[in-house]
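**Student:** Quick one: the structure is below, questions incoming.
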Amino acid sequence: MDFVDAFVALTDERPSPELFRKWAAITTLSGALEKRVWCMTKAGPQYANLYTMLVAPPGIGKSQAINPAEALLKATKKYHIAPNSVTAASYIDALGRSARSVLKPNNSGVLDYNHLFVFAAELGVFINAHDLNFLSIINELFDHKATYREERRHSLKDPIEIHNPMTTLLVGSQPGFLATLLPEAAWTMGWTSRLLMVYSSSMPDVPLFGEYKNTDAEQKKLVQKLDDCADYYGEMKWDAKAIAEMESWRKDKWGPVPDHPKLANYIPRRGTIFAVKLAMTAAMSRGEQLAIRLQDVERAREWLLEIEELMPQIFRDMIMRSDDQVIEETFQYLFSIYVKHRAPIASATILRFLSQRTPAEKAERVLTLMEKSGILQRQAGTESYIPLAREMHGAG
């Protein structure tokens, strides 16, 4: 049984995009390996846990993907899950209560660690707006430090010290809310460089009425898989073909690389961290306990590139403007270029500018609207345009 595929099939009747349901499964399974399973790279041990955010307009089905994943994990009774609404202080307290001790094989000692799952259909419930201190704490927990230490809120008590802390995040957000929740500094401070953002703008056509099919048997298998994961321990080894494929991808600069200014801090982690984590998760999903093979690297790349292609649309939605605003900005931009160079402007240049301000599927429509309304004049027999002065097209 492949865990990710089985979860997607299990939730097929839910009003949620398949992409969201797939990543709910990937993230849950990644966290189920906790600190007990790792793989080695030259950067040191890597663990599989992910920070994943499902991003969509209201009503697209974020919670319909997140809630079933949380329910499966709860059914094992082996994992620690954070409260839905927390402050930075209460989150650290919850993490401190999530301690687990695991006996290493061959009586070679005990592994002590603290791991906490976060499931939140709305990011704003989990993190208060502009709480940069909380975001900094989440940053630290991603990097797998040996200890997390902070002073108690009450000076009479000893400082808090948490051994081998770890967090796995599966949260949701609306693009517009994301723009108001996160200050501009959040995009450069590192938190978003640790985040995999999964975007969808459409929900599958699911009937309003009717009963769900009986999936008890399928749910039981998925719960058992997560239950089994709670007992795995050891290093995941890479076979020769998997290593060769990762090296080939690395030499290719982990291409294709997503292109957006707000992803500048995310890009350096794509291959060295996220590709490794996803290959580990792919191996575990298909049933391999501690071995990463070529097919796992290929699947990890497929997973990553699929969501990266859509990431720029998140930022377009965050700054969504009306058509009138987009047209005005585009005219101002094109007119300044024309005044400087006195040459027609290629449609590719115009579409690139539009695609940063409106969804890709609307860019050509706006260009056509500008031409038909006389704001732009197409040069006969070409795909180039001249912006007309305001007195000529009547705008403004």
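A note on labels: chains of the structure tokens are A, B, ... as shown, every chain counts residues from 1, and ligands are counted from 1 in their shown order.
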What are the closest atom pairs, with distances in Å to one decimal, for all residues of region 113-202 of chain A lying within 7 Å of region 82-103 of chain A? Consider only C-alpha atoms, order rows by chain and residue number, and present the result as JSON lines.
**Tutor:**
```
{"residue": "A:Tyr113", "atom": "CA", "partner": "A:Arg100", "partner_atom": "CA", "distance": 5.6}
{"residue": "A:Asn114", "atom": "CA", "partner": "A:Ala99", "partner_atom": "CA", "distance": 4.4}
{"residue": "A:His115", "atom": "CA", "partner": "A:Ser98", "partner_atom": "CA", "distance": 6.0}
{"residue": "A:Leu116", "atom": "CA", "partner": "A:Leu95", "partner_atom": "CA", "distance": 5.9}
{"residue": "A:Phe117", "atom": "CA", "partner": "A:Ala82", "partner_atom": "CA", "distance": 5.9}
{"residue": "A:Val118", "atom": "CA", "partner": "A:Ala82", "partner_atom": "CA", "distance": 5.3}
{"residue": "A:Ala120", "atom": "CA", "partner": "A:Asn84", "partner_atom": "CA", "distance": 6.2}
{"residue": "A:Val125", "atom": "CA", "partner": "A:Ser85", "partner_atom": "CA", "distance": 5.5}
{"residue": "A:Phe126", "atom": "CA", "partner": "A:Ser85", "partner_atom": "CA", "distance": 5.0}
{"residue": "A:Phe134", "atom": "CA", "partner": "A:Ala88", "partner_atom": "CA", "distance": 5.1}
{"residue": "A:Ile162", "atom": "CA", "partner": "A:Gly96", "partner_atom": "CA", "distance": 5.9}
```
**Student:** Would you mind exporting the chosen residues as a compact mmCIF listing (two decimals), in the first residue's frame, restricted to all heavy atoms?
**Tutor:**
```txt
# COMPACT_ATOMS: atom_id res chain seq x y z
N TYR A 113 13.65 12.91 22.71
CA TYR A 113 13.32 14.00 21.80
C TYR A 113 11.92 14.51 22.10
O TYR A 113 11.14 13.88 22.82
CB TYR A 113 13.45 13.56 20.34
CG TYR A 113 12.43 12.53 19.91
CD1 TYR A 113 11.19 12.90 19.40
CD2 TYR A 113 12.73 11.16 20.00
CE1 TYR A 113 10.27 11.95 19.01
CE2 TYR A 113 11.81 10.21 19.60
CZ TYR A 113 10.58 10.60 19.11
OH TYR A 113 9.65 9.66 18.72
N ASN A 114 11.60 15.68 21.54
CA ASN A 114 10.28 16.29 21.67
C ASN A 114 9.78 16.66 20.28
O ASN A 114 10.43 17.44 19.58
CB ASN A 114 10.34 17.56 22.53
CG ASN A 114 10.72 17.27 23.98
OD1 ASN A 114 11.83 16.82 24.25
ND2 ASN A 114 9.82 17.54 24.88
N HIS A 115 8.66 16.11 19.88
CA HIS A 115 8.10 16.39 18.56
C HIS A 115 6.62 16.73 18.69
O HIS A 115 5.87 16.05 19.39
CB HIS A 115 8.26 15.20 17.62
CG HIS A 115 7.64 15.44 16.28
ND1 HIS A 115 6.45 14.87 15.91
CD2 HIS A 115 8.02 16.22 15.22
CE1 HIS A 115 6.13 15.25 14.67
NE2 HIS A 115 7.06 16.08 14.25
N LEU A 116 6.21 17.80 17.99
CA LEU A 116 4.84 18.26 18.06
C LEU A 116 4.30 18.51 16.66
O LEU A 116 4.94 19.19 15.84
CB LEU A 116 4.79 19.56 18.87
CG LEU A 116 3.44 20.01 19.46
CD1 LEU A 116 2.86 18.94 20.39
CD2 LEU A 116 3.62 21.32 20.24
N PHE A 117 3.14 17.92 16.37
CA PHE A 117 2.43 18.18 15.12
C PHE A 117 1.55 19.43 15.29
O PHE A 117 0.93 19.62 16.34
CB PHE A 117 1.52 17.01 14.76
CG PHE A 117 2.17 15.91 13.98
CD1 PHE A 117 2.70 14.81 14.63
CD2 PHE A 117 2.26 15.97 12.59
CE1 PHE A 117 3.30 13.78 13.92
CE2 PHE A 117 2.85 14.95 11.87
CZ PHE A 117 3.38 13.84 12.53
N VAL A 118 1.46 20.22 14.24
CA VAL A 118 0.53 21.35 14.19
C VAL A 118 -0.40 21.15 13.00
O VAL A 118 0.05 21.03 11.87
CB VAL A 118 1.26 22.69 14.05
CG1 VAL A 118 0.26 23.82 13.85
CG2 VAL A 118 2.13 22.96 15.27
N ALA A 120 -3.67 23.17 11.45
CA ALA A 120 -4.49 24.37 11.58
C ALA A 120 -5.00 24.77 10.20
O ALA A 120 -4.20 25.11 9.31
CB ALA A 120 -3.69 25.52 12.19
N VAL A 125 -5.19 31.38 13.10
CA VAL A 125 -5.59 30.80 14.37
C VAL A 125 -4.37 30.33 15.14
O VAL A 125 -4.31 30.41 16.37
CB VAL A 125 -6.58 29.63 14.16
CG1 VAL A 125 -6.90 28.92 15.47
CG2 VAL A 125 -7.85 30.12 13.50
N PHE A 126 -3.38 29.86 14.40
CA PHE A 126 -2.17 29.32 15.03
C PHE A 126 -1.19 30.42 15.41
O PHE A 126 -0.59 30.39 16.49
CB PHE A 126 -1.51 28.31 14.09
CG PHE A 126 -0.21 27.76 14.60
CD1 PHE A 126 -0.17 27.02 15.77
CD2 PHE A 126 0.97 27.99 13.92
CE1 PHE A 126 1.02 26.51 16.25
CE2 PHE A 126 2.17 27.48 14.38
CZ PHE A 126 2.20 26.74 15.56
N PHE A 134 7.18 34.57 17.54
CA PHE A 134 6.70 33.22 17.33
C PHE A 134 7.31 32.64 16.04
O PHE A 134 7.74 31.49 15.99
CB PHE A 134 5.17 33.22 17.26
CG PHE A 134 4.55 31.87 17.54
CD1 PHE A 134 3.18 31.76 17.72
CD2 PHE A 134 5.31 30.71 17.62
CE1 PHE A 134 2.59 30.53 17.99
CE2 PHE A 134 4.73 29.48 17.89
CZ PHE A 134 3.37 29.39 18.06
N ILE A 162 14.49 22.17 26.24
CA ILE A 162 13.83 21.08 25.53
C ILE A 162 14.87 20.37 24.67
O ILE A 162 15.57 21.00 23.87
CB ILE A 162 12.69 21.59 24.64
CG1 ILE A 162 11.65 22.33 25.51
CG2 ILE A 162 12.02 20.45 23.88
CD1 ILE A 162 10.56 23.02 24.71
```
**Student:** Measuring atom to atom with only C-alpha atoms, identify which of A:Leu376, A:Glu383, A:Glu306, A:Phe315 is nearest to Ala346 (chain A).
**Tutor:**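 Closest to Ala346 (chain A) of all the choices is A:Glu383.
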**Student:** For Asp112 (chain A), which residue out of A:Glu34, A:Glu140, A:Glu70, A:Glu298 is the nearest one, using only C-alpha atoms?
**Tutor:**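 With only C-alpha atoms as the atom set, the closest residue is A:Glu34.
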**Student:** Would you list the contacts of Ala121 (chain A) as a PDB file with N, CA and C atoms, in the first residue's frame, taking every protein, DNA or RNA residue within 8 Å and counting only C-alpha atoms, but skipping same-chain residues closer than 3 positions in sequence?
**Tutor:**
```pdb
ATOM      1  N   LYS A  62      -9.398  23.618   2.254  1.00  0.00           N
ATOM      2  CA  LYS A  62      -8.179  23.389   3.039  1.00  0.00           C
ATOM      3  C   LYS A  62      -8.447  22.465   4.218  1.00  0.00           C
ATOM      4  N   SER A  63      -9.495  22.768   4.970  1.00  0.00           N
ATOM      5  CA  SER A  63      -9.801  21.948   6.153  1.00  0.00           C
ATOM      6  C   SER A  63     -10.226  20.538   5.769  1.00  0.00           C
ATOM      7  N   ILE A  66      -6.924  18.803   5.608  1.00  0.00           N
ATOM      8  CA  ILE A  66      -6.162  18.763   6.862  1.00  0.00           C
ATOM      9  C   ILE A  66      -6.834  17.903   7.923  1.00  0.00           C
ATOM     10  N   ASN A  67      -8.154  18.031   8.090  1.00  0.00           N
ATOM     11  CA  ASN A  67      -8.840  17.328   9.177  1.00  0.00           C
ATOM     12  C   ASN A  67      -8.741  15.804   9.095  1.00  0.00           C
ATOM     13  N   VAL A 171      -0.708  23.610   7.740  1.00  0.00           N
ATOM     14  CA  VAL A 171      -1.616  24.725   8.003  1.00  0.00           C
ATOM     15  C   VAL A 171      -2.207  25.226   6.687  1.00  0.00           C
ATOM     16  N   GLY A 172      -3.243  26.032   6.794  1.00  0.00           N
ATOM     17  CA  GLY A 172      -3.881  26.624   5.627  1.00  0.00           C
ATOM     18  C   GLY A 172      -3.950  28.135   5.760  1.00  0.00           C
ATOM     19  N   SER A 173      -4.110  28.800   4.633  1.00  0.00           N
ATOM     20  CA  SER A 173      -4.275  30.255   4.653  1.00  0.00           C
ATOM     21  C   SER A 173      -4.897  30.725   3.349  1.00  0.00           C
TER      22      SER A 173
END
```
**Student:** Check which residues of region 294-359 of chain A sit at most 9 Å from region 270-284 of chain A using only C-alpha atoms, and return one row each with the closest pair of atoms and their distance in Å to one decimal, ordered by chain and rising number, as CSV.
**Tutor:**
```
residue,atom,partner,partner_atom,distance
A:Gln295,CA,A:Ala283,CA,8.4
A:Asp296,CA,A:Ala279,CA,5.1
A:Val297,CA,A:Ala279,CA,5.1
A:Glu298,CA,A:Ala279,CA,8.1
A:Arg299,CA,A:Ala282,CA,6.7
A:Ala300,CA,A:Leu278,CA,5.0
A:Arg301,CA,A:Ala275,CA,6.7
A:Trp303,CA,A:Leu278,CA,8.0
A:Leu304,CA,A:Ala275,CA,7.4
```
**Student:** Do you know which residues are at most 12 Å from Thr349 (chain A) counting only C-alpha atoms, after dropping those on the same chain fewer than 3 positions away, and could you put them as a count of residues only?
**Tutor:** 18
**Student:** Looking at A:Glu328, A:Asn106, A:Ile386, A:Thr27, which one is nearest to Ala343 (chain A), with distances taken over only C-alpha atoms?
**Tutor:** A:Ile386
**Student:** Need the shell around Ile267 (chain A): protein/DNA/RNA residues with any atom at most 9 Å away, counting only C-alpha atoms. Skip same-chain ones fewer than 4 positions apart. Format as an NGL selection string?
**Tutor:** :A and (193 or 257-258 or 263 or 271)
**Student:** I need the residues from that last selection saved to file as a PDB file, in the first residue's frame (with N, CA and C atoms), if you can.
**Tutor:**
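What follows is the written file result.pdb:
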```
ATOM      1  N   SER A 193      11.270  30.637   3.969  1.00  0.00           N
ATOM      2  CA  SER A 193      12.226  29.807   3.234  1.00  0.00           C
ATOM      3  C   SER A 193      12.162  28.359   3.699  1.00  0.00           C
ATOM      4  N   VAL A 257      13.971  26.117 -11.774  1.00  0.00           N
ATOM      5  CA  VAL A 257      13.908  26.895 -10.535  1.00  0.00           C
ATOM      6  C   VAL A 257      12.749  27.882 -10.603  1.00  0.00           C
ATOM      7  N   PRO A 258      11.905  27.953  -9.564  1.00  0.00           N
ATOM      8  CA  PRO A 258      10.798  28.920  -9.581  1.00  0.00           C
ATOM      9  C   PRO A 258      11.320  30.353  -9.575  1.00  0.00           C
ATOM     10  N   LEU A 263      10.553  34.337  -3.390  1.00  0.00           N
ATOM     11  CA  LEU A 263      11.064  32.977  -3.230  1.00  0.00           C
ATOM     12  C   LEU A 263      12.590  32.948  -3.167  1.00  0.00           C
ATOM     13  N   GLY A 271      16.926  21.868  -3.011  1.00  0.00           N
ATOM     14  CA  GLY A 271      17.545  20.572  -3.228  1.00  0.00           C
ATOM     15  C   GLY A 271      18.222  20.013  -2.005  1.00  0.00           C
TER      16      GLY A 271
END
```
**Student:** By how many Å are CA of Pro261 (chain A) and CA of Tyr338 (chain A) apart?
**Tutor:**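 Here the two named atoms are 25.5 Å from each other.
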**Student:** Measuring atom to atom with only C-alpha atoms, identify which of A:His163, A:Lys237, A:Arg378, A:Lys77 is nearest to Gln289 (chain A).
**Tutor:** A:Lys237
**Student:** Leaving out Ile327 (chain A) and any residue of its chain fewer than 6 positions from it, which residues lie within 12 Å of it when counting only C-alpha atoms, given as a list of chain:residue names?
**Tutor:**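 In the requested format, the answer is A:Arg321, A:Tyr333, A:Leu334, A:Phe335, A:Ile350, A:Leu351, A:Phe353, A:Leu354, A:Arg357, A:Thr358, A:Lys362, A:Ala363, A:Glu364, A:Arg365, A:Val366, A:Leu367, A:Thr368, A:Leu369, A:Met370, A:Glu371, A:Ser373, A:Gly374, A:Ile375, A:Leu376, A:Pro387, A:Ala395, A:Gly396.
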**Student:** Return as a ChimeraX atom specification the full set of residues in region 125-200 of chain A whose backbone-based DSSP assignment is strand (DSSP E).
**Tutor:** /A:147-150,160-163,165-173,196-199
**Student:** Would you put the residues from that selection into a file with N, CA and C atoms, as a tab-separated table (two decimals), in the first residue's frame?
**Tutor:**
```tsv
chain	number	residue	atom	x	y	z
A	147	THR	N	19.16	21.40	21.48
A	147	THR	CA	18.29	21.86	22.57
A	147	THR	C	17.66	23.19	22.20
A	148	TYR	N	16.49	23.43	22.78
A	148	TYR	CA	15.88	24.76	22.71
A	148	TYR	C	15.78	25.25	24.15
A	149	ARG	N	16.27	26.44	24.39
A	149	ARG	CA	16.33	26.95	25.76
A	149	ARG	C	15.78	28.37	25.79
A	150	GLU	N	14.94	28.66	26.78
A	150	GLU	CA	14.50	30.04	27.00
A	150	GLU	C	14.22	30.22	28.48
A	160	ILE	N	13.49	26.98	30.74
A	160	ILE	CA	12.97	25.87	29.95
A	160	ILE	C	14.08	25.34	29.05
A	161	GLU	N	14.28	24.04	29.05
A	161	GLU	CA	15.27	23.42	28.17
A	161	GLU	C	14.64	22.17	27.56
A	162	ILE	N	14.49	22.17	26.24
A	162	ILE	CA	13.83	21.08	25.53
A	162	ILE	C	14.87	20.37	24.67
A	163	HIS	N	14.99	19.05	24.84
A	163	HIS	CA	16.00	18.27	24.14
A	163	HIS	C	15.48	17.78	22.78
A	165	PRO	N	14.30	19.20	19.96
A	165	PRO	CA	12.94	19.65	19.61
A	165	PRO	C	12.69	19.55	18.11
A	166	MET	N	11.45	19.28	17.75
A	166	MET	CA	11.07	19.18	16.34
A	166	MET	C	9.60	19.50	16.20
A	167	THR	N	9.23	20.10	15.07
A	167	THR	CA	7.84	20.43	14.77
A	167	THR	C	7.52	20.03	13.34
A	168	THR	N	6.30	19.59	13.11
A	168	THR	CA	5.78	19.38	11.76
A	168	THR	C	4.53	20.23	11.62
A	169	LEU	N	4.46	21.04	10.56
A	169	LEU	CA	3.34	21.96	10.35
A	169	LEU	C	2.52	21.57	9.12
A	170	LEU	N	1.20	21.54	9.29
A	170	LEU	CA	0.28	21.45	8.16
A	170	LEU	C	-0.81	22.47	8.42
A	171	VAL	N	-0.71	23.61	7.74
A	171	VAL	CA	-1.62	24.72	8.00
A	171	VAL	C	-2.21	25.23	6.69
A	172	GLY	N	-3.24	26.03	6.79
A	172	GLY	CA	-3.88	26.62	5.63
A	172	GLY	C	-3.95	28.13	5.76
A	173	SER	N	-4.11	28.80	4.63
A	173	SER	CA	-4.27	30.25	4.65
A	173	SER	C	-4.90	30.73	3.35
A	196	LEU	N	6.85	25.02	2.52
A	196	LEU	CA	6.37	24.57	1.22
A	196	LEU	C	4.94	25.06	1.05
A	197	MET	N	4.72	25.93	0.06
A	197	MET	CA	3.40	26.52	-0.15
A	197	MET	C	2.71	25.82	-1.31
A	198	VAL	N	1.53	25.29	-1.04
A	198	VAL	CA	0.78	24.50	-2.02
A	198	VAL	C	-0.48	25.30	-2.39
A	199	TYR	N	-0.58	25.67	-3.66
A	199	TYR	CA	-1.66	26.57	-4.08
A	199	TYR	C	-2.69	25.86	-4.95
```
**Student:** Rounded to one decimal place, report the CA of Ala75 (chain A)-CA of Leu226 (chain A) distance in Å.
**Tutor:** 9.3 Å
